[in-house]
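I have placed the structure first, in the form of structure tokens, so that the comments after it can refer back to it.
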Amino acid sequence: MIKRIKLRSLFIGGCITLFFLVLVGRVFWIQVLQGDFWQKRAADTWAHTTIIKAQRGQITDRTGSVLASDVPAYTVVVEPDVIQERGIRDEVVQGLHEILNKPVSELEELIDAKDKDGNLYKNREVRNEGWKVDQEVADKITVFVKKLEKEHDIRETGVGWVKDQKRYYPKNSLAAHILGYTDRDGKAVAGLEYFYDKLLKGADGYLDYQSDGKGVKLPDAAETYQPVVNGDNLKLTIDSTIQYYIEDAMKEAYDKYQPKSMTVIAADPNTMEILGMANLPTFNPNEYWETQDQGDFYNHAIKSIYEPGSTFKIVTLAGTVQEKLFDPNATFQSGYIMIGKRRLNDLRGGWGEITYLDGVKHSSNVGFVKLGYEMLGRDKLIQYIDNFGFKEKTGIDLPGEVKGRITPEWPVEFATLAYGHGKVQVTPIQQLAAVSAVANGGKLMKPHMLKEIEDPNTGKTTVTKPEVIRQVISADSARKTGSYLEQVVADQKIGTGRHAYIEGYRVAGKTGTAIKVGANGEYDRTKNLVSFIGYAPVNDPKISVIVIMDEPKGDVGGGTAAAPVFQKIVSQSLEYMGVPKAYAEADKNGKKSGDNAVSARTAPNMVGQTMKSAKELLINQGFDFETVGSGPSVVSQYPEAGTALTPGQKVYLLSEQGDKPKIPDLRGESLRDALEVLTLLKVGIQVEGEGYVTQQKESVNNGKTKVTVTLKPDEPVVQGSDTADSESGGPGTEAASDSAADPNTGENAPSSN
């Protein structure tokens with residue numbers, strides 16, 4: 001018995017000893033051999049991290065109007081297990097369907113979904129319809145939840161929302177291609193949001209601390225705090241009011257002509273601050289996912305290259321003026337010119353022998369071939385193209401900019417290069433930078449969108465300074481070039497840009513209509529690129545604008561389709577900017593239109609001056625004029641010096657009064673103006689009809705010249721004639737019936753006016 005007790009005791013003692021040894025070994029294994037692992041595990045259990053989310057920087061226009069900012073957002077969430085347990089599945093599905101407009105089938109699938117173990121999910125976000133919704137939707141969800149609680153007498157419904165933040169664009173699609181957008185995850189995708197993402201996004205902060213098992217912070221525990229760094233606020237150069245003017249004018253033209261796309265850029269030519277930029281079609285960055293066509297996101301202003309057509313003639317003109325080769329009074333034979341065996345044509349056979357100034361007004365291809373190819377020469381022409389920046393990116397602070405492509409090889413390609421056709425492709429922003437250089441005194445400047453950077457964490461502000469790339473022409477050459485471009489707009493009879501005329505402001509500009517190359521590599525006359533580029537006021541430029549329409553419907557040119565868009569944008573912008581008019585509107589009798597109007601523009605005194613100096617003065621001051629006779633000096637003029645001029649009214653300079661005076665083209669003039677000029681010439685007059693002159697006929701009886709003028713009402717501008725309408729949109733539309741030899745095919749390629 002005693003022996004048995006001893007054995008039992010030894011057995012029990014051995015078991016206890018063995019258990020103790022195992023326990024000690026396990027403790028040694030855990031605390032010594034695996035001590036680091038379990039120490040980290042414990043620290044992870046005690047440790048908690050709270051993320052402090054950084055606020056993305058705000059984007060405003062130059063006046064401080066908010067264009068993009070972070071705002072509170074709410075994401076709708078559901079708990080499928082709770083919903084199923086409460087038996088309210090169908091009510092939740094129907095309620096969320098009505099609030100979020102999410103399909104019933106998708107909601108049912110969301111709430112019925114199970115994990116890999118066959119259990120209902122505990123928490124799910126309602127995407128995309130319930131993802132980062134606004135306060136109004138969150139309030140509707142709250143009302144719906146309270147309704148469920150009351151009807152079913154429950155405290156948990158399995159439906160709710162969590163607070164978040166999202167990017168919001170308060171002006172919707174306004175300036176969409178400038179701003180770009182961030183996706184729902186907050187990732188920057190396009191535009192300035194993408195380009196300046198590092199500045200805008202900032203850095204999240206965090207707080208690391210230790211807590212007990214209930215999550216209560218331990219009072220003596222160490223903690224690590226990293227403060228949040230909010231993103232920088234950006235003030236842009238654009239003005240949301242001018243941006244609105246741009247987009248409003250574009251929509252009107254877009255609806256009328258239905259082009260594939262349309263682009264407009266406006267800038268301050270003195271600094272190259274971009275005042276506005278837009279493309280159509282466009283998109284709403286608040287609802288970017290609703291945009292079906294990815295092309296709507298494309299910023300043609302900096303990413304597309306085109307054959308520019310006649311707007312490119314500005315470079316040729318500026319180069320010849322700088323080299324002192326351009327004589328506005330010298331003449332050439334328009335119509336066509338041969339380059340080797342290739343024939344380059346003017347519009348509808350040309351206008352006979354004309355001055356180079358009239359060649360600019362008519363947008364004569366022949367005239368510009370003679371200026372750029374014959375006078376400047378190919379090397380100088382390429383040099384000026386390079387200097388004006390067409391072979392390099394402008395450096396604008398927007399993502400995805402491309403550079404132009406200038407690749408002429410054959411003589412005829414250098415000739416067509418002088419008027420913007422053939423082996424030349426440029427971007428709209430390159431063209432605007434070039435014409436702005438003419439406007440600002442010859443300085444090519446780097447365009448930019450960012451005006452100021454404000455650090456909200458320190459209050460420090462960094463201002464972007466204008467950057468001059470190079471001086472491309474002298475200030476005097478720029479002024480003269482601008483005066484010639486002003487004639488393109490001021491001459492209301494033959495100026496291709498006359499539809500850009502703005503009463504009270506001096507406007508310089510150039511039209512362009514280029515036939516596009518089709519899919520087969522040949523020019524397709526049914527596809528045009530029409531444009532207008534210019535600036536105002538000529539004497540003190542405040543704004544430069546380019547307007548481009550790609551394949552507008554109808555037989556239209558840059559003067560009839562694009563110039564009116566320019567006119568509307570610039571006239572509104574100049575008044576908004578407070579730029580005073582040089583003169584007030586006047587009626588046909590030369591009277592001011594309002595009691596408070598400033599002095600109307602008046603005719604200067606030219607009598608007694610040499611014809612050469614008189615012409616130069618009128619050109620430099622932006623007057624439209626016509627000379628009669630071939631004498632060396634001005635013997636008389638109409639209207640008389642000091643007379644208030646009506647919009648687009650010509651000044652007639654007479655240099656001689658012989659027995660057989662040369663009768664000027666009076667079509668488009670009022671009866672009063674026609675009678676005054678003819679009386680000054682001392683010729684017989686016969687009038688048929690009333691209104692404006694539409695036809696004139698000369699006859700000689702007994703050595704006495706007689707002029708019969710036919711008038712019709714409400715036709716102040718002659719439309720559809722060879723001399724007066726190279727941009728009318730009819731048979732004489734720019735490049736509509738002209739051709740230039742294509743060196744690659746030997747066939748005729750379109751010209752551009």
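How things are named: the first chain in the structure tokens is A, the next is B, and so on; residues count from 1 in each chain; ligands count from 1 in the order shown.
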Exercise for the section: Find the spatial neighbours of range 308-314 of chain A, counting only C-alpha atoms, within a cut-off of 9 Å - ignore same-chain residues fewer than 3 positions away - and output them as JSON, numbers by chain. Expected result: {"A": [305, 317, 318, 319, 360, 363, 365, 368, 372, 417, 418, 419, 420, 421, 424, 425, 426, 427, 428, 431, 434, 435, 438, 481, 485, 509, 510, 511, 512, 513, 514, 515, 529, 530, 531, 532, 533, 751, 752, 753]}
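Using only C-alpha atoms, the contacts of Lys527 in chain A at a cut-off of 9 Å, with sequence neighbours closer than 5 positions omitted, comprise Ala514, Ile515, Lys516, Val517, Gly518, Asp550, Glu551, Pro552 and Lys553 of chain A.
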Handout entry: Residue set, range 102-226 of chain A restricted to strand (DSSP E or B), as a PyMOL selection string
Key = chain A and resi 114+120+124-125+133+159-168+181-182+188-190+203+205-211+217+224-226
Expected file contents, prior selection, N, CA and C atoms, as an mmCIF file, in the first residue's frame:
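Done, and the output landed in out.cif:
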```
data_model
loop_
_atom_site.group_PDB
_atom_site.id
_atom_site.type_symbol
_atom_site.label_atom_id
_atom_site.label_comp_id
_atom_site.auth_asym_id
_atom_site.auth_seq_id
_atom_site.Cartn_x
_atom_site.Cartn_y
_atom_site.Cartn_z
ATOM 1 N N LYS A 114 -21.411 37.843 -50.535
ATOM 2 C CA LYS A 114 -20.778 37.136 -49.413
ATOM 3 C C LYS A 114 -19.285 36.978 -49.667
ATOM 4 N N LEU A 120 -21.995 37.048 -45.041
ATOM 5 C CA LEU A 120 -22.320 38.364 -45.572
ATOM 6 C C LEU A 120 -21.264 39.376 -45.155
ATOM 7 N N ARG A 124 -19.757 47.763 -46.679
ATOM 8 C CA ARG A 124 -19.466 47.963 -48.100
ATOM 9 C C ARG A 124 -19.840 49.388 -48.528
ATOM 10 N N GLU A 125 -18.980 49.993 -49.395
ATOM 11 C CA GLU A 125 -19.281 51.310 -49.950
ATOM 12 C C GLU A 125 -20.184 51.156 -51.167
ATOM 13 N N VAL A 133 -20.432 61.866 -52.336
ATOM 14 C CA VAL A 133 -21.570 62.683 -52.731
ATOM 15 C C VAL A 133 -21.592 63.954 -51.893
ATOM 16 N N VAL A 159 -27.402 51.136 -42.723
ATOM 17 C CA VAL A 159 -27.235 52.151 -43.762
ATOM 18 C C VAL A 159 -26.686 53.422 -43.115
ATOM 19 N N GLY A 160 -25.720 54.054 -43.760
ATOM 20 C CA GLY A 160 -25.167 55.287 -43.215
ATOM 21 C C GLY A 160 -24.195 55.916 -44.187
ATOM 22 N N TRP A 161 -23.403 56.865 -43.711
ATOM 23 C CA TRP A 161 -22.387 57.502 -44.536
ATOM 24 C C TRP A 161 -21.181 57.847 -43.678
ATOM 25 N N VAL A 162 -20.040 57.945 -44.328
ATOM 26 C CA VAL A 162 -18.820 58.369 -43.650
ATOM 27 C C VAL A 162 -18.344 59.656 -44.308
ATOM 28 N N LYS A 163 -17.811 60.561 -43.499
ATOM 29 C CA LYS A 163 -17.380 61.865 -44.005
ATOM 30 C C LYS A 163 -16.018 61.765 -44.663
ATOM 31 N N ASP A 164 -15.856 62.474 -45.775
ATOM 32 C CA ASP A 164 -14.596 62.476 -46.527
ATOM 33 C C ASP A 164 -14.439 63.874 -47.125
ATOM 34 N N GLN A 165 -13.581 64.022 -48.107
ATOM 35 C CA GLN A 165 -13.460 65.269 -48.841
ATOM 36 C C GLN A 165 -13.224 64.963 -50.306
ATOM 37 N N LYS A 166 -13.589 65.922 -51.163
ATOM 38 C CA LYS A 166 -13.413 65.734 -52.604
ATOM 39 C C LYS A 166 -13.040 67.058 -53.243
ATOM 40 N N ARG A 167 -12.579 66.973 -54.488
ATOM 41 C CA ARG A 167 -12.228 68.157 -55.259
ATOM 42 C C ARG A 167 -13.498 68.672 -55.926
ATOM 43 N N TYR A 168 -13.686 69.997 -55.835
ATOM 44 C CA TYR A 168 -14.903 70.589 -56.380
ATOM 45 C C TYR A 168 -14.538 71.783 -57.250
ATOM 46 N N TYR A 181 -8.448 67.871 -63.764
ATOM 47 C CA TYR A 181 -9.277 67.352 -62.682
ATOM 48 C C TYR A 181 -8.516 66.300 -61.891
ATOM 49 N N THR A 182 -9.044 65.969 -60.724
ATOM 50 C CA THR A 182 -8.544 64.831 -59.947
ATOM 51 C C THR A 182 -9.637 63.775 -59.941
ATOM 52 N N ALA A 188 -4.379 63.304 -59.270
ATOM 53 C CA ALA A 188 -4.416 64.327 -60.313
ATOM 54 C C ALA A 188 -4.279 63.675 -61.683
ATOM 55 N N VAL A 189 -5.139 64.066 -62.624
ATOM 56 C CA VAL A 189 -5.184 63.406 -63.922
ATOM 57 C C VAL A 189 -4.747 64.317 -65.068
ATOM 58 N N ALA A 190 -5.149 65.572 -65.062
ATOM 59 C CA ALA A 190 -4.882 66.425 -66.230
ATOM 60 C C ALA A 190 -4.764 67.879 -65.805
ATOM 61 N N ALA A 203 1.287 67.307 -47.733
ATOM 62 C CA ALA A 203 1.701 66.042 -47.105
ATOM 63 C C ALA A 203 0.831 65.784 -45.885
ATOM 64 N N GLY A 205 -0.341 64.542 -42.249
ATOM 65 C CA GLY A 205 0.296 64.439 -40.938
ATOM 66 C C GLY A 205 -0.188 63.178 -40.234
ATOM 67 N N TYR A 206 0.419 62.860 -39.052
ATOM 68 C CA TYR A 206 -0.034 61.684 -38.307
ATOM 69 C C TYR A 206 0.344 61.828 -36.837
ATOM 70 N N LEU A 207 -0.340 61.033 -35.982
ATOM 71 C CA LEU A 207 -0.062 60.970 -34.551
ATOM 72 C C LEU A 207 0.029 59.509 -34.153
ATOM 73 N N ASP A 208 1.216 59.083 -33.682
ATOM 74 C CA ASP A 208 1.421 57.725 -33.173
ATOM 75 C C ASP A 208 1.361 57.769 -31.648
ATOM 76 N N TYR A 209 0.540 56.883 -31.021
ATOM 77 C CA TYR A 209 0.447 56.826 -29.558
ATOM 78 C C TYR A 209 0.115 55.402 -29.130
ATOM 79 N N GLN A 210 0.271 55.128 -27.817
ATOM 80 C CA GLN A 210 -0.035 53.815 -27.262
ATOM 81 C C GLN A 210 -1.283 53.901 -26.390
ATOM 82 N N SER A 211 -2.050 52.799 -26.380
ATOM 83 C CA SER A 211 -3.302 52.786 -25.632
ATOM 84 C C SER A 211 -3.467 51.459 -24.914
ATOM 85 N N LYS A 217 -5.840 56.218 -24.542
ATOM 86 C CA LYS A 217 -4.439 56.607 -24.619
ATOM 87 C C LYS A 217 -3.761 56.496 -23.257
ATOM 88 N N THR A 224 4.454 60.102 -31.150
ATOM 89 C CA THR A 224 5.146 60.775 -32.250
ATOM 90 C C THR A 224 4.128 61.559 -33.055
ATOM 91 N N TYR A 225 4.408 62.855 -33.258
ATOM 92 C CA TYR A 225 3.470 63.718 -33.988
ATOM 93 C C TYR A 225 4.160 64.333 -35.196
ATOM 94 N N GLN A 226 3.575 64.117 -36.373
ATOM 95 C CA GLN A 226 4.060 64.744 -37.604
ATOM 96 C C GLN A 226 2.991 65.717 -38.092
#
```
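Close contacts of Thr694 in chain A, defined as residues with an atom at most 7 Å away when counting only C-alpha atoms, with chain neighbours fewer than 2 positions off set aside, comprise Arg667, Gly668, Tyr692, Thr710, Leu711, Lys712 and Val718 of chain A.
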Just the selected residues (all heavy atoms), exported as a PDB file, in the first residue's frame, please.
```
ATOM      1  N   ARG A 667     -17.632 101.664-104.353  1.00  0.00           N
ATOM      2  CA  ARG A 667     -18.622 100.687-103.888  1.00  0.00           C
ATOM      3  C   ARG A 667     -18.551 100.521-102.374  1.00  0.00           C
ATOM      4  O   ARG A 667     -17.474 100.392-101.803  1.00  0.00           O
ATOM      5  CB  ARG A 667     -18.404  99.343-104.579  1.00  0.00           C
ATOM      6  CG  ARG A 667     -18.821  99.361-106.047  1.00  0.00           C
ATOM      7  CD  ARG A 667     -18.544  98.047-106.723  1.00  0.00           C
ATOM      8  NE  ARG A 667     -17.106  97.774-106.804  1.00  0.00           N
ATOM      9  CZ  ARG A 667     -16.593  96.663-107.333  1.00  0.00           C
ATOM     10  NH1 ARG A 667     -17.400  95.736-107.819  1.00  0.00           N
ATOM     11  NH2 ARG A 667     -15.290  96.496-107.384  1.00  0.00           N
ATOM     12  N   GLY A 668     -19.718 100.537-101.745  1.00  0.00           N
ATOM     13  CA  GLY A 668     -19.794 100.432-100.299  1.00  0.00           C
ATOM     14  C   GLY A 668     -19.893 101.764 -99.601  1.00  0.00           C
ATOM     15  O   GLY A 668     -20.200 101.832 -98.411  1.00  0.00           O
ATOM     16  N   TYR A 692     -26.468 102.862-100.400  1.00  0.00           N
ATOM     17  CA  TYR A 692     -25.022 102.746-100.547  1.00  0.00           C
ATOM     18  C   TYR A 692     -24.676 102.356-101.982  1.00  0.00           C
ATOM     19  O   TYR A 692     -25.439 101.659-102.658  1.00  0.00           O
ATOM     20  CB  TYR A 692     -24.458 101.703 -99.579  1.00  0.00           C
ATOM     21  CG  TYR A 692     -24.635 102.088 -98.133  1.00  0.00           C
ATOM     22  CD1 TYR A 692     -25.783 101.731 -97.437  1.00  0.00           C
ATOM     23  CD2 TYR A 692     -23.644 102.798 -97.466  1.00  0.00           C
ATOM     24  CE1 TYR A 692     -25.958 102.089 -96.108  1.00  0.00           C
ATOM     25  CE2 TYR A 692     -23.803 103.157 -96.137  1.00  0.00           C
ATOM     26  CZ  TYR A 692     -24.966 102.804 -95.464  1.00  0.00           C
ATOM     27  OH  TYR A 692     -25.121 103.166 -94.150  1.00  0.00           O
ATOM     28  N   THR A 710     -25.003 103.552-108.897  1.00  0.00           N
ATOM     29  CA  THR A 710     -26.237 102.848-108.533  1.00  0.00           C
ATOM     30  C   THR A 710     -26.181 102.514-107.053  1.00  0.00           C
ATOM     31  O   THR A 710     -25.193 101.951-106.574  1.00  0.00           O
ATOM     32  CB  THR A 710     -26.404 101.564-109.357  1.00  0.00           C
ATOM     33  OG1 THR A 710     -26.377 101.907-110.752  1.00  0.00           O
ATOM     34  CG2 THR A 710     -27.702 100.863-109.016  1.00  0.00           C
ATOM     35  N   LEU A 711     -27.260 102.874-106.348  1.00  0.00           N
ATOM     36  CA  LEU A 711     -27.280 102.662-104.900  1.00  0.00           C
ATOM     37  C   LEU A 711     -28.406 101.717-104.505  1.00  0.00           C
ATOM     38  O   LEU A 711     -29.454 101.658-105.153  1.00  0.00           O
ATOM     39  CB  LEU A 711     -27.454 103.999-104.156  1.00  0.00           C
ATOM     40  CG  LEU A 711     -26.358 105.052-104.337  1.00  0.00           C
ATOM     41  CD1 LEU A 711     -26.678 105.989-105.486  1.00  0.00           C
ATOM     42  CD2 LEU A 711     -26.162 105.840-103.053  1.00  0.00           C
ATOM     43  N   LYS A 712     -28.158 100.992-103.431  1.00  0.00           N
ATOM     44  CA  LYS A 712     -29.183 100.154-102.820  1.00  0.00           C
ATOM     45  C   LYS A 712     -29.117 100.359-101.313  1.00  0.00           C
ATOM     46  O   LYS A 712     -28.035 100.604-100.771  1.00  0.00           O
ATOM     47  CB  LYS A 712     -28.973  98.684-103.173  1.00  0.00           C
ATOM     48  CG  LYS A 712     -29.252  98.348-104.631  1.00  0.00           C
ATOM     49  CD  LYS A 712     -29.113  96.854-104.879  1.00  0.00           C
ATOM     50  CE  LYS A 712     -29.389  96.520-106.348  1.00  0.00           C
ATOM     51  NZ  LYS A 712     -29.233  95.069-106.612  1.00  0.00           N
ATOM     52  N   VAL A 718     -19.552  95.941 -99.670  1.00  0.00           N
ATOM     53  CA  VAL A 718     -19.754  95.147-100.874  1.00  0.00           C
ATOM     54  C   VAL A 718     -19.397  93.701-100.586  1.00  0.00           C
ATOM     55  O   VAL A 718     -18.304  93.414-100.103  1.00  0.00           O
ATOM     56  CB  VAL A 718     -18.892  95.685-102.035  1.00  0.00           C
ATOM     57  CG1 VAL A 718     -19.111  94.847-103.277  1.00  0.00           C
ATOM     58  CG2 VAL A 718     -19.248  97.137-102.309  1.00  0.00           C
TER      59      VAL A 718
END
```
Residues of range 127-182 of chain A that have any atom at most 12 Å from an atom of range 252-273 of chain A: could you tabulate them with the shortest-distance atom pair and the distance in Å to one decimal, using only C-alpha atoms, ordered by chain and increasing number, as JSON lines?
```
{"residue": "A:Ala175", "atom": "CA", "partner": "A:Ile265", "partner_atom": "CA", "distance": 11.1}
{"residue": "A:His177", "atom": "CA", "partner": "A:Thr263", "partner_atom": "CA", "distance": 10.7}
{"residue": "A:Ile178", "atom": "CA", "partner": "A:Ile265", "partner_atom": "CA", "distance": 10.9}
```
